Amino acid sequence: MLKIKTEYEKVFPNIVNYTRDYLIKNKNLRSLIIGISGGIDSAVICALTSEVLKEIPNVKLIGRTIPIETNTEHEILRAKMIGENFCHHFEVKDLTSTYRDIYNNLVTDPERMNNLSNEEKIRKGNIKARTRMIYLFDLAHYNKGMVMSTDNYTELLLGFWTLHGDVGNFGMIQYLWKTEVYGLAGYLVEKYKNENNNKKADALKLCIDAVPTDGLGITTSDFDQIGVTEYETADMILIDYLKGDEAKKNHPTIERHVKSEFKRVDPKNIPRKVLFK
């Protein structure tokens, strides 16, 4: 894990074959559900899943982009291009009013409602992510399917995800560094260009070039939250730290990694040997 790899010609078929075998084994599944943000991760998941389903026609790829209040027009446009080019069925489902109803019913303290602090933005972002997941998991249940996870390894280590929120049932890229996700996306762009499928290539390229953001209105980019200007830097800082190099233990990237540890051991359960010691 502690190395950036570039053998995307191996990674691509490995992901496709593993996922295809899983679907063949689990014959009860009839759909795969993807929440499409307009970012690189969900775009790559859409592309990979569409490749998997070429030989499994009875399973459908259902994509939804789910704007809630703070999503930009550019994010929605990119998500639509991905959804329309890769999914069997795609829609834009705006849940802004649903989110506001939930928030206004949960939060009755005027001081908190008018709070513009970063901490309150994070709490609002958590509610947005969990609102989206309510919709996606219900859609999966209705269509006899499962929700595809769009997290990568860098996000896992940095806590760039919401507990009981934006976590799916099946992770294709959970153990790829963000740098590797970008590399895989570039590999797919070239693949589609070679197949003269320029619409798919262009849709993916837009997501590669976009400024990465959580789409939750917390900051204008992921980089604002981890103190870097590119994900490759964050990945190398994490790799060095995990290898035992603490030279940058006070860097925002490492501070965020340490502070988000509770997410990676959730739920924290008391071991049986402690219960009966």
# chains A, B, ... in the order shown; residues from 1 in each chain; ligands from 1

call {"tool": "residues_around", "arguments": {"residues": "stretch 213-217 of chain A", "least_positions_apart": "2", "cutoff": "6 Å", "atoms": "only C-alpha atoms", "output": "ChimeraX atom specification"}}
result
/A:70-71,125,219,221-222

call {"tool": "residues_around", "arguments": {"residues": "stretch 7-10 of chain A", "least_positions_apart": "4", "cutoff": "9 Å", "atoms": "only C-alpha atoms", "output": "list in words"}}
result
Asn14, Ile15, Glu180, Gly183, Leu184 and Tyr187 of chain A

call {"tool": "closest_atom_pairs", "arguments": {"of": "stretch 134-193 of chain A", "to": "stretch 111-123 of chain A", "cutoff": "12 Å", "atoms": "only C-alpha atoms", "output": "CSV"}}
result
residue,atom,partner,partner_atom,distance
A:Phe160,CA,A:Ile122,CA,11.1
A:Trp161,CA,A:Ile122,CA,11.0
A:Thr162,CA,A:Ile122,CA,9.8
A:Leu163,CA,A:Arg123,CA,11.7

call {"tool": "write_last_selection", "arguments": {"atoms": "C-alpha atoms", "output": "short mmCIF file (atom, residue, chain, number, x, y, z; two decimals), in the first residue's frame"}}
result
data_model
loop_
_atom_site.label_atom_id
_atom_site.label_comp_id
_atom_site.auth_asym_id
_atom_site.auth_seq_id
_atom_site.Cartn_x
_atom_site.Cartn_y
_atom_site.Cartn_z
CA PHE A 160 -13.02 12.72 3.79
CA TRP A 161 -16.32 10.89 4.16
CA THR A 162 -19.34 10.96 6.43
CA LEU A 163 -20.07 8.20 8.91
#

call {"tool": "select_by_dssp", "arguments": {"residues": "stretch 106-232 of chain A", "states": "strand (DSSP E or B)", "output": "PyMOL selection string"}}
result
chain A and resi 145-149+170-171

call {"tool": "write_last_selection", "arguments": {"atoms": "N, CA and C atoms", "output": "compact mmCIF listing (two decimals), in the first residue's frame"}}
result
# COMPACT_ATOMS: atom_id res chain seq x y z
N GLY A 145 -30.87 -3.70 -5.95
CA GLY A 145 -29.47 -3.47 -6.24
C GLY A 145 -28.64 -3.13 -5.03
N MET A 146 -27.45 -2.62 -5.29
CA MET A 146 -26.57 -2.16 -4.22
C MET A 146 -25.94 -0.83 -4.63
N VAL A 147 -25.53 -0.07 -3.62
CA VAL A 147 -24.93 1.24 -3.84
C VAL A 147 -23.42 1.09 -3.99
N MET A 148 -22.89 1.65 -5.05
CA MET A 148 -21.44 1.60 -5.28
C MET A 148 -20.76 2.70 -4.47
N SER A 149 -19.71 2.32 -3.76
CA SER A 149 -18.94 3.29 -2.99
C SER A 149 -18.01 4.06 -3.92
N PHE A 170 -20.14 -1.53 -2.09
CA PHE A 170 -19.08 -2.20 -2.85
C PHE A 170 -18.07 -1.15 -3.31
N GLY A 171 -16.80 -1.35 -2.91
CA GLY A 171 -15.77 -0.37 -3.23
C GLY A 171 -14.80 -0.86 -4.28

call {"tool": "atom_distance", "arguments": {"atom1": "atom CA of A:Leu188", "atom2": "atom CA of A:Leu204"}}
result
8.1 Å

call {"tool": "residues_around", "arguments": {"residues": "A:Gly165", "least_positions_apart": "4", "cutoff": "7 Å", "atoms": "only C-alpha atoms", "output": "PDB file with C-alpha atoms, in the first residue's frame"}}
result
ATOM      1  CA  ALA A 129     -24.398  13.380   2.855  1.00  0.00           C
ATOM      2  CA  ARG A 130     -26.767  11.315   4.993  1.00  0.00           C
ATOM      3  CA  MET A 133     -27.594   8.130   1.196  1.00  0.00           C
TER       4      MET A 133
END

call {"tool": "atom_distance", "arguments": {"atom1": "atom CA of A:His251", "atom2": "atom CA of A:Ala210"}}
result
24.7 Å

call {"tool": "closest_residue", "arguments": {"among": "A:Leu206, A:Ile226, A:Ile34, A:Leu157", "to": "A:Leu242", "atoms": "only C-alpha atoms"}}
result
A:Leu157

call {"tool": "select_by_dssp", "arguments": {"residues": "stretch 62-168 of chain A", "states": "helix (DSSP H, G or I)", "output": "PyMOL selection string"}}
result
chain A and resi 73-86+96-106+110-113+118-142+153-158

call {"tool": "residues_around", "arguments": {"residues": "A:Ile102", "least_positions_apart": "5", "cutoff": "9 Å", "atoms": "only C-alpha atoms", "output": "list in words"}}
result
Ser97, Val107, Ile127 and Thr131 of chain A

call {"tool": "write_last_selection", "arguments": {"atoms": "C-alpha atoms", "output": "PDB file, in the first residue's frame"}}
result
ATOM      1  CA  SER A  97     -36.013  21.087  -0.033  1.00  0.00           C
ATOM      2  CA  VAL A 107     -32.068  22.459  14.469  1.00  0.00           C
ATOM      3  CA  ILE A 127     -26.717  15.998   7.108  1.00  0.00           C
ATOM      4  CA  THR A 131     -29.785  12.698   3.151  1.00  0.00           C
TER       5      THR A 131
END

call {"tool": "residues_around", "arguments": {"residues": "A:Cys46", "least_positions_apart": "5", "cutoff": "9 Å", "atoms": "only C-alpha atoms", "output": "number ranges by chain"}}
result
A: 34, 36, 41, 51, 61, 63, 82-83, 86-87

call {"tool": "atom_distance", "arguments": {"atom1": "atom CA of A:Ile254", "atom2": "atom CA of A:Val228"}}
result
11.3 Å

call {"tool": "residues_around", "arguments": {"residues": "A:Tyr182", "least_positions_apart": "5", "cutoff": "12 Å", "atoms": "only C-alpha atoms", "output": "JSON list (two decimals) with C-alpha atoms, in the first residue's frame"}}
result
[["chain", "number", "residue", "atom", "x", "y", "z"],
["A", 4, "ILE", "CA", 2.12, 4.91, -5.75],
["A", 5, "LYS", "CA", 1.75, 2.43, -8.61],
["A", 6, "THR", "CA", 1.06, 3.12, -12.27],
["A", 8, "TYR", "CA", -3.25, 0.80, -14.84],
["A", 39, "GLY", "CA", -15.89, 14.68, -9.30],
["A", 40, "ILE", "CA", -13.19, 12.27, -10.39],
["A", 41, "ASP", "CA", -14.07, 9.35, -8.09],
["A", 42, "SER", "CA", -17.71, 8.83, -9.02],
["A", 43, "ALA", "CA", -16.82, 9.43, -12.68],
["A", 44, "VAL", "CA", -14.24, 6.63, -12.60],
["A", 45, "ILE", "CA", -16.70, 4.34, -10.79],
["A", 152, "ASN", "CA", -10.54, 6.08, -2.31],
["A", 173, "ILE", "CA", -11.23, 2.03, -5.66],
["A", 176, "LEU", "CA", -6.32, 3.18, -4.60],
["A", 177, "TRP", "CA", -4.53, 6.36, -3.62],
["A", 187, "TYR", "CA", -5.87, 5.54, -18.71],
["A", 188, "LEU", "CA", -9.62, 5.34, -19.33],
["A", 189, "VAL", "CA", -9.62, 8.60, -21.28],
["A", 204, "LEU", "CA", -13.98, 11.96, -17.87],
["A", 205, "LYS", "CA", -11.41, 14.61, -18.85],
["A", 206, "LEU", "CA", -13.65, 17.35, -17.46],
["A", 207, "CYS", "CA", -13.70, 15.57, -14.11],
["A", 208, "ILE", "CA", -9.93, 15.11, -14.14],
["A", 209, "ASP", "CA", -9.42, 18.83, -14.72],
["A", 210, "ALA", "CA", -11.96, 19.97, -12.11],
["A", 212, "PRO", "CA", -11.66, 18.57, -6.23],
["A", 230, "GLU", "CA", -2.37, 18.75, -5.21],
["A", 231, "TYR", "CA", -3.31, 15.27, -4.07],
["A", 232, "GLU", "CA", 0.03, 13.77, -5.07]]

call {"tool": "closest_residue", "arguments": {"among": "A:Lys243, A:Lys178, A:Arg20, A:Lys27", "to": "A:Asp151", "atoms": "only C-alpha atoms"}}
result
A:Lys178

call {"tool": "residues_around", "arguments": {"residues": "A:Thr65", "least_positions_apart": "4", "cutoff": "10 Å", "atoms": "only C-alpha atoms", "output": "ChimeraX atom specification"}}
result
/A:34-38,75-80,82-83,90-95,132
